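Listing of protein.pdb, PDB, N, CA and C atoms
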```pdb
ATOM      1  N   MET X   1       6.132  53.148  74.734
ATOM      2  CA  MET X   1       5.162  52.456  75.564
ATOM      3  C   MET X   1       4.864  51.093  74.955
ATOM      4  N   ILE X   2       4.807  50.094  75.801
ATOM      5  CA  ILE X   2       4.502  48.731  75.368
ATOM      6  C   ILE X   2       3.048  48.426  75.720
ATOM      7  N   PHE X   3       2.300  47.961  74.736
ATOM      8  CA  PHE X   3       0.906  47.591  74.948
ATOM      9  C   PHE X   3       0.826  46.085  75.166
ATOM     10  N   GLY X   4      -0.247  45.617  75.736
ATOM     11  CA  GLY X   4      -0.394  44.194  76.022
ATOM     12  C   GLY X   4      -0.177  43.926  77.501
ATOM     13  N   ARG X   5      -0.348  42.686  77.867
ATOM     14  CA  ARG X   5      -0.260  42.319  79.283
ATOM     15  C   ARG X   5       1.156  41.875  79.635
ATOM     16  N   THR X   6       2.004  42.878  79.883
ATOM     17  CA  THR X   6       3.388  42.587  80.240
ATOM     18  C   THR X   6       3.467  42.169  81.708
ATOM     19  N   VAL X   7       4.518  41.397  82.004
ATOM     20  CA  VAL X   7       4.702  40.943  83.387
ATOM     21  C   VAL X   7       5.951  41.535  84.027
ATOM     22  N   ASP X   8       6.772  42.236  83.244
ATOM     23  CA  ASP X   8       7.948  42.902  83.811
ATOM     24  C   ASP X   8       8.373  44.050  82.905
ATOM     25  N   ASP X   9       9.423  44.738  83.296
ATOM     26  CA  ASP X   9       9.857  45.915  82.549
ATOM     27  C   ASP X   9      10.797  45.590  81.388
ATOM     28  N   GLN X  10      10.939  44.287  81.060
ATOM     29  CA  GLN X  10      11.764  43.885  79.916
ATOM     30  C   GLN X  10      10.907  43.292  78.795
ATOM     31  N   THR X  11       9.660  43.638  78.756
ATOM     32  CA  THR X  11       8.659  43.302  77.732
ATOM     33  C   THR X  11       8.148  41.865  77.756
ATOM     34  N   ARG X  12       8.479  41.095  78.763
ATOM     35  CA  ARG X  12       7.878  39.752  78.844
ATOM     36  C   ARG X  12       6.384  39.920  79.108
ATOM     37  N   CYS X  13       5.604  38.985  78.576
ATOM     38  CA  CYS X  13       4.155  39.082  78.736
ATOM     39  C   CYS X  13       3.607  37.793  79.341
ATOM     40  N   ILE X  14       2.300  37.762  79.531
ATOM     41  CA  ILE X  14       1.681  36.580  80.131
ATOM     42  C   ILE X  14       1.778  35.362  79.221
ATOM     43  N   HIS X  15       1.993  35.577  77.917
ATOM     44  CA  HIS X  15       2.062  34.470  76.963
ATOM     45  C   HIS X  15       3.479  33.915  76.814
ATOM     46  N   TYR X  16       4.456  34.801  76.810
ATOM     47  CA  TYR X  16       5.864  34.425  76.609
ATOM     48  C   TYR X  16       6.707  35.148  77.662
ATOM     49  N   HIS X  17       7.322  34.390  78.545
ATOM     50  CA  HIS X  17       8.021  35.024  79.654
ATOM     51  C   HIS X  17       9.277  34.273  80.099
ATOM     52  N   THR X  18       9.977  33.682  79.130
ATOM     53  CA  THR X  18      11.260  33.065  79.470
ATOM     54  C   THR X  18      12.327  34.152  79.585
ATOM     55  N   GLN X  19      13.492  33.775  80.027
ATOM     56  CA  GLN X  19      14.614  34.707  80.170
ATOM     57  C   GLN X  19      14.915  35.428  78.854
ATOM     58  N   GLU X  20      14.717  34.745  77.723
ATOM     59  CA  GLU X  20      15.069  35.310  76.414
ATOM     60  C   GLU X  20      13.914  36.009  75.700
ATOM     61  N   ASP X  21      12.746  36.079  76.308
ATOM     62  CA  ASP X  21      11.604  36.754  75.691
ATOM     63  C   ASP X  21      11.645  38.244  76.034
ATOM     64  N   VAL X  22      12.567  38.941  75.390
ATOM     65  CA  VAL X  22      12.811  40.343  75.745
ATOM     66  C   VAL X  22      12.699  41.301  74.559
ATOM     67  N   ILE X  23      11.830  41.008  73.628
ATOM     68  CA  ILE X  23      11.606  41.969  72.547
ATOM     69  C   ILE X  23      10.130  42.324  72.470
ATOM     70  N   ALA X  24       9.874  43.469  71.894
ATOM     71  CA  ALA X  24       8.518  43.873  71.536
ATOM     72  C   ALA X  24       8.577  44.280  70.070
ATOM     73  N   ILE X  25       7.492  44.039  69.373
ATOM     74  CA  ILE X  25       7.440  44.346  67.946
ATOM     75  C   ILE X  25       6.405  45.433  67.696
ATOM     76  N   LYS X  26       6.818  46.427  66.908
ATOM     77  CA  LYS X  26       5.892  47.477  66.504
ATOM     78  C   LYS X  26       5.045  46.915  65.370
ATOM     79  N   PHE X  27       3.758  46.845  65.577
ATOM     80  CA  PHE X  27       2.875  46.310  64.545
ATOM     81  C   PHE X  27       2.613  47.372  63.487
ATOM     82  N   LYS X  28       2.658  46.947  62.245
ATOM     83  CA  LYS X  28       2.477  47.825  61.090
ATOM     84  C   LYS X  28       1.136  48.554  61.147
ATOM     85  N   CYS X  29       0.096  47.860  61.555
ATOM     86  CA  CYS X  29      -1.259  48.387  61.506
ATOM     87  C   CYS X  29      -1.494  49.565  62.450
ATOM     88  N   CYS X  30      -0.904  49.542  63.613
ATOM     89  CA  CYS X  30      -1.197  50.553  64.632
ATOM     90  C   CYS X  30       0.027  51.330  65.097
ATOM     91  N   ARG X  31       1.225  50.887  64.641
ATOM     92  CA  ARG X  31       2.482  51.528  65.047
ATOM     93  C   ARG X  31       2.669  51.512  66.561
ATOM     94  N   ARG X  32       2.152  50.465  67.198
ATOM     95  CA  ARG X  32       2.303  50.281  68.638
ATOM     96  C   ARG X  32       3.124  49.031  68.907
ATOM     97  N   TYR X  33       3.939  49.108  69.944
ATOM     98  CA  TYR X  33       4.738  47.954  70.351
ATOM     99  C   TYR X  33       3.918  47.012  71.225
ATOM    100  N   TYR X  34       3.970  45.718  70.876
ATOM    101  CA  TYR X  34       3.366  44.644  71.667
ATOM    102  C   TYR X  34       4.428  43.569  71.872
ATOM    103  N   PRO X  35       4.389  42.859  73.010
ATOM    104  CA  PRO X  35       5.363  41.803  73.257
ATOM    105  C   PRO X  35       5.189  40.585  72.350
ATOM    106  N   CYS X  36       3.953  40.356  71.887
ATOM    107  CA  CYS X  36       3.722  39.169  71.058
ATOM    108  C   CYS X  36       2.436  39.301  70.255
ATOM    109  N   HIS X  37       2.256  38.367  69.338
ATOM    110  CA  HIS X  37       1.069  38.369  68.481
ATOM    111  C   HIS X  37      -0.202  38.116  69.281
ATOM    112  N   LEU X  38      -0.113  37.351  70.350
ATOM    113  CA  LEU X  38      -1.301  37.082  71.168
ATOM    114  C   LEU X  38      -1.748  38.331  71.925
ATOM    115  N   CYS X  39      -0.797  39.103  72.413
ATOM    116  CA  CYS X  39      -1.146  40.375  73.051
ATOM    117  C   CYS X  39      -1.830  41.295  72.048
ATOM    118  N   HIS X  40      -1.325  41.316  70.821
ATOM    119  CA  HIS X  40      -1.937  42.175  69.803
ATOM    120  C   HIS X  40      -3.330  41.684  69.434
ATOM    121  N   GLU X  41      -3.543  40.387  69.424
ATOM    122  CA  GLU X  41      -4.877  39.852  69.121
ATOM    123  C   GLU X  41      -5.927  40.377  70.092
ATOM    124  N   GLU X  42      -5.514  40.728  71.285
ATOM    125  CA  GLU X  42      -6.442  41.261  72.284
ATOM    126  C   GLU X  42      -6.782  42.725  72.014
ATOM    127  N   ALA X  43      -6.112  43.351  71.049
ATOM    128  CA  ALA X  43      -6.416  44.735  70.656
ATOM    129  C   ALA X  43      -7.699  44.744  69.826
ATOM    130  N   ASP X  44      -8.153  45.913  69.471
ATOM    131  CA  ASP X  44      -9.442  46.043  68.783
ATOM    132  C   ASP X  44      -9.334  46.139  67.262
ATOM    133  N   HIS X  45      -8.269  45.604  66.680
ATOM    134  CA  HIS X  45      -8.125  45.655  65.226
ATOM    135  C   HIS X  45      -7.275  44.478  64.742
ATOM    136  N   ARG X  46      -7.318  44.263  63.458
ATOM    137  CA  ARG X  46      -6.618  43.142  62.827
ATOM    138  C   ARG X  46      -5.155  43.502  62.533
ATOM    139  N   ALA X  47      -4.277  42.564  62.752
ATOM    140  CA  ALA X  47      -2.846  42.788  62.534
ATOM    141  C   ALA X  47      -2.506  42.863  61.047
ATOM    142  N   GLN X  48      -1.528  43.690  60.728
ATOM    143  CA  GLN X  48      -0.941  43.755  59.391
ATOM    144  C   GLN X  48       0.534  43.423  59.529
ATOM    145  N   THR X  49       1.074  42.753  58.531
ATOM    146  CA  THR X  49       2.493  42.408  58.559
ATOM    147  C   THR X  49       3.305  43.466  57.806
ATOM    148  N   TRP X  50       4.571  43.587  58.197
ATOM    149  CA  TRP X  50       5.477  44.528  57.542
ATOM    150  C   TRP X  50       5.912  43.953  56.189
ATOM    151  N   PRO X  51       5.717  44.689  55.079
ATOM    152  CA  PRO X  51       6.205  44.218  53.783
ATOM    153  C   PRO X  51       7.730  44.300  53.733
ATOM    154  N   ARG X  52       8.336  43.445  52.932
ATOM    155  CA  ARG X  52       9.806  43.401  52.840
ATOM    156  C   ARG X  52      10.439  44.749  52.520
ATOM    157  N   ASN X  53       9.778  45.539  51.703
ATOM    158  CA  ASN X  53      10.367  46.819  51.315
ATOM    159  C   ASN X  53      10.375  47.835  52.459
ATOM    160  N   GLU X  54       9.832  47.481  53.619
ATOM    161  CA  GLU X  54       9.852  48.352  54.791
ATOM    162  C   GLU X  54      10.637  47.737  55.952
ATOM    163  N   TRP X  55      11.433  46.713  55.680
ATOM    164  CA  TRP X  55      12.177  46.045  56.737
ATOM    165  C   TRP X  55      13.338  46.878  57.275
ATOM    166  N   SER X  56      13.604  48.033  56.698
ATOM    167  CA  SER X  56      14.620  48.916  57.260
ATOM    168  C   SER X  56      14.031  49.794  58.370
ATOM    169  N   GLU X  57      12.739  49.738  58.518
ATOM    170  CA  GLU X  57      12.018  50.485  59.557
ATOM    171  C   GLU X  57      12.412  49.990  60.948
ATOM    172  N   PRO X  58      12.667  50.897  61.901
ATOM    173  CA  PRO X  58      12.915  50.450  63.275
ATOM    174  C   PRO X  58      11.599  49.960  63.870
ATOM    175  N   ALA X  59      11.463  48.656  64.025
ATOM    176  CA  ALA X  59      10.188  48.081  64.452
ATOM    177  C   ALA X  59      10.345  46.979  65.490
ATOM    178  N   VAL X  60      11.546  46.824  66.035
ATOM    179  CA  VAL X  60      11.784  45.825  67.079
ATOM    180  C   VAL X  60      12.498  46.528  68.229
ATOM    181  N   LEU X  61      11.987  46.316  69.424
ATOM    182  CA  LEU X  61      12.523  46.962  70.618
ATOM    183  C   LEU X  61      13.115  45.916  71.550
ATOM    184  N   CYS X  62      14.340  46.136  71.986
ATOM    185  CA  CYS X  62      14.952  45.272  72.986
ATOM    186  C   CYS X  62      14.412  45.690  74.348
ATOM    187  N   GLY X  63      13.833  44.764  75.070
ATOM    188  CA  GLY X  63      13.278  45.061  76.377
ATOM    189  C   GLY X  63      14.327  45.302  77.446
ATOM    190  N   VAL X  64      15.554  44.882  77.201
ATOM    191  CA  VAL X  64      16.613  45.056  78.191
ATOM    192  C   VAL X  64      17.168  46.488  78.136
ATOM    193  N   CYS X  65      17.623  46.927  76.960
ATOM    194  CA  CYS X  65      18.233  48.263  76.847
ATOM    195  C   CYS X  65      17.299  49.310  76.243
ATOM    196  N   LYS X  66      16.137  48.873  75.759
ATOM    197  CA  LYS X  66      15.140  49.745  75.126
ATOM    198  C   LYS X  66      15.607  50.307  73.796
ATOM    199  N   GLY X  67      16.637  49.695  73.218
ATOM    200  CA  GLY X  67      17.112  50.113  71.906
ATOM    201  C   GLY X  67      16.219  49.573  70.801
ATOM    202  N   GLU X  68      15.991  50.398  69.791
ATOM    203  CA  GLU X  68      15.213  49.958  68.635
ATOM    204  C   GLU X  68      16.160  49.453  67.564
ATOM    205  N   MET X  69      15.668  48.504  66.778
ATOM    206  CA  MET X  69      16.445  48.012  65.645
ATOM    207  C   MET X  69      15.510  47.783  64.474
ATOM    208  N   SER X  70      16.089  47.746  63.298
ATOM    209  CA  SER X  70      15.288  47.485  62.107
ATOM    210  C   SER X  70      14.889  46.015  62.073
ATOM    211  N   ILE X  71      13.929  45.729  61.273
ATOM    212  CA  ILE X  71      13.492  44.341  61.086
ATOM    213  C   ILE X  71      14.636  43.531  60.488
ATOM    214  N   HIS X  72      15.347  44.099  59.506
ATOM    215  CA  HIS X  72      16.507  43.418  58.917
ATOM    216  C   HIS X  72      17.503  43.014  60.001
ATOM    217  N   THR X  73      17.840  43.949  60.859
ATOM    218  CA  THR X  73      18.816  43.679  61.919
ATOM    219  C   THR X  73      18.312  42.582  62.843
ATOM    220  N   TYR X  74      17.074  42.690  63.276
ATOM    221  CA  TYR X  74      16.498  41.690  64.178
ATOM    222  C   TYR X  74      16.538  40.286  63.572
ATOM    223  N   LEU X  75      16.137  40.175  62.311
ATOM    224  CA  LEU X  75      16.081  38.857  61.674
ATOM    225  C   LEU X  75      17.468  38.273  61.413
ATOM    226  N   ALA X  76      18.479  39.117  61.411
ATOM    227  CA  ALA X  76      19.844  38.656  61.118
ATOM    228  C   ALA X  76      20.645  38.299  62.369
ATOM    229  N   THR X  77      20.073  38.458  63.541
ATOM    230  CA  THR X  77      20.841  38.235  64.764
ATOM    231  C   THR X  77      20.041  37.438  65.789
ATOM    232  N   SER X  78      20.709  36.944  66.793
ATOM    233  CA  SER X  78      20.029  36.236  67.881
ATOM    234  C   SER X  78      20.235  36.955  69.213
ATOM    235  N   SER X  79      20.813  38.160  69.128
ATOM    236  CA  SER X  79      20.990  38.965  70.334
ATOM    237  C   SER X  79      20.961  40.446  69.968
ATOM    238  N   CYS X  80      20.731  41.271  70.956
ATOM    239  CA  CYS X  80      20.637  42.709  70.736
ATOM    240  C   CYS X  80      21.996  43.278  70.317
ATOM    241  N   PRO X  81      22.051  44.023  69.219
ATOM    242  CA  PRO X  81      23.317  44.624  68.800
ATOM    243  C   PRO X  81      23.785  45.736  69.739
ATOM    244  N   ASN X  82      22.888  46.252  70.570
ATOM    245  CA  ASN X  82      23.245  47.331  71.494
ATOM    246  C   ASN X  82      23.785  46.815  72.827
ATOM    247  N   CYS X  83      23.097  45.830  73.427
ATOM    248  CA  CYS X  83      23.466  45.394  74.777
ATOM    249  C   CYS X  83      23.860  43.920  74.871
ATOM    250  N   GLY X  84      23.644  43.150  73.807
ATOM    251  CA  GLY X  84      24.026  41.743  73.794
ATOM    252  C   GLY X  84      23.006  40.792  74.400
ATOM    253  N   ALA X  85      21.854  41.299  74.834
ATOM    254  CA  ALA X  85      20.819  40.425  75.404
ATOM    255  C   ALA X  85      20.404  39.374  74.376
ATOM    256  N   ARG X  86      20.311  38.121  74.806
ATOM    257  CA  ARG X  86      19.920  37.027  73.917
ATOM    258  C   ARG X  86      18.420  37.070  73.661
ATOM    259  N   PHE X  87      18.045  36.776  72.406
ATOM    260  CA  PHE X  87      16.637  36.702  72.022
ATOM    261  C   PHE X  87      16.214  35.242  71.923
ATOM    262  N   ASN X  88      14.933  34.996  72.116
ATOM    263  CA  ASN X  88      14.381  33.656  72.019
ATOM    264  C   ASN X  88      14.381  33.214  70.555
ATOM    265  N   GLU X  89      15.212  32.244  70.230
ATOM    266  CA  GLU X  89      15.321  31.776  68.834
ATOM    267  C   GLU X  89      14.059  31.066  68.360
ATOM    268  N   ARG X  90      13.229  30.620  69.271
ATOM    269  CA  ARG X  90      11.966  29.972  68.879
ATOM    270  C   ARG X  90      10.964  30.969  68.313
ATOM    271  N   CYS X  91      11.230  32.252  68.473
ATOM    272  CA  CYS X  91      10.346  33.271  67.898
ATOM    273  C   CYS X  91      10.318  33.193  66.376
ATOM    274  N   ALA X  92      11.320  32.580  65.782
ATOM    275  CA  ALA X  92      11.365  32.435  64.318
ATOM    276  C   ALA X  92      10.132  31.711  63.796
ATOM    277  N   ALA X  93       9.523  30.879  64.617
ATOM    278  CA  ALA X  93       8.314  30.159  64.200
ATOM    279  C   ALA X  93       7.136  31.114  63.991
ATOM    280  N   HIS X  94       7.227  32.325  64.522
ATOM    281  CA  HIS X  94       6.134  33.297  64.415
ATOM    282  C   HIS X  94       6.448  34.451  63.467
ATOM    283  N   THR X  95       7.578  34.397  62.792
ATOM    284  CA  THR X  95       8.002  35.493  61.921
ATOM    285  C   THR X  95       6.902  35.908  60.947
ATOM    286  N   HIS X  96       6.214  34.950  60.378
ATOM    287  CA  HIS X  96       5.171  35.241  59.381
ATOM    288  C   HIS X  96       3.992  36.035  59.961
ATOM    289  N   LEU X  97       3.846  36.060  61.272
ATOM    290  CA  LEU X  97       2.763  36.812  61.897
ATOM    291  C   LEU X  97       3.070  38.303  61.994
ATOM    292  N   TYR X  98       4.352  38.659  61.850
ATOM    293  CA  TYR X  98       4.791  40.042  61.971
ATOM    294  C   TYR X  98       5.312  40.627  60.665
ATOM    295  N   PHE X  99       6.003  39.783  59.894
ATOM    296  CA  PHE X  99       6.715  40.252  58.704
ATOM    297  C   PHE X  99       6.321  39.398  57.491
ATOM    298  N   GLN X 100       6.077  40.033  56.360
ATOM    299  CA  GLN X 100       5.759  39.287  55.136
ATOM    300  C   GLN X 100       6.972  38.468  54.742
ATOM    301  N   THR X 101       6.771  37.181  54.597
ATOM    302  CA  THR X 101       7.895  36.307  54.302
ATOM    303  C   THR X 101       7.868  35.759  52.893
ATOM    304  N   THR X 102       6.866  36.080  52.132
ATOM    305  CA  THR X 102       6.810  35.589  50.741
ATOM    306  C   THR X 102       6.821  36.744  49.765
TER
END
```
Any chance you could give the structure as structure tokens?
Amino acid sequence: MIFGRTVDDQTRCIHYHTQEDVIAIKFKCCRRYYPCHLCHEEADHRAQTWPRNEWSEPAVLCGVCKGEMSIHTYLATSSCPNCGARFNERCAAHTHLYFQTT
């Protein structure tokens, strides 16, 4: 289940809804999938980032095929390894909001 204000069945939300905005991220704090950090901000708790030692955890969902991938896999690619759907490369600017980068 995807939480947040989605606008279609491929995880696009009211904040990010281009053709390539097709992932949802499982937040460490609540173990719930949200399409973006802004959708999670609307939840009733503070976000926690995934520490590097947990990047093998399946925490990224492709909205096209619904396949889960690890954080390592997601950060190493620009498309879904299962179905080939392209991901929005501009999401890299928000990596620090989801995953510990230092």
- Task: Take atom CA of Val60 of chain X and atom CA of Cys29 of chain X and report the distance between them in Å, one decimal.
- Result: 14.4 Å
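Using all atoms listed in the file, the smallest distance between any of X:Met69, X:Ile25, X:Thr49, X:Glu89 and His37 of chain X comes from X:Ile25.
For segment 8-10 of chain X, the set of protein, DNA and RNA residues having any atom at most 6 Å away, when counting only N, CA and C atoms and skipping those fewer than 3 positions along the same chain, is Cys13, Asp21, Val22, Ile23, Gly63 and Val64 of chain X.
Closest approach to Arg32 of chain X among X:Cys83, X:Ile2, X:Cys65, X:Val7: X:Ile2, based on all atoms listed in the file.
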- Task: Taking the DSSP assignment computed from this structure's backbone, write out as a ChimeraX atom specification all residues of segment 5-70 of chain X that belong to alpha helix (DSSP H).
- Result: /X:37-41
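Across X:Ser79, X:Phe27, X:Pro35, X:Trp55, the tightest approach to Thr11 of chain X is made by X:Pro35 when counting all atoms listed in the file.
The gap separating atom CA of Glu41 of chain X from atom N of Glu57 of chain X is 22.8 Å, in Å to one decimal.
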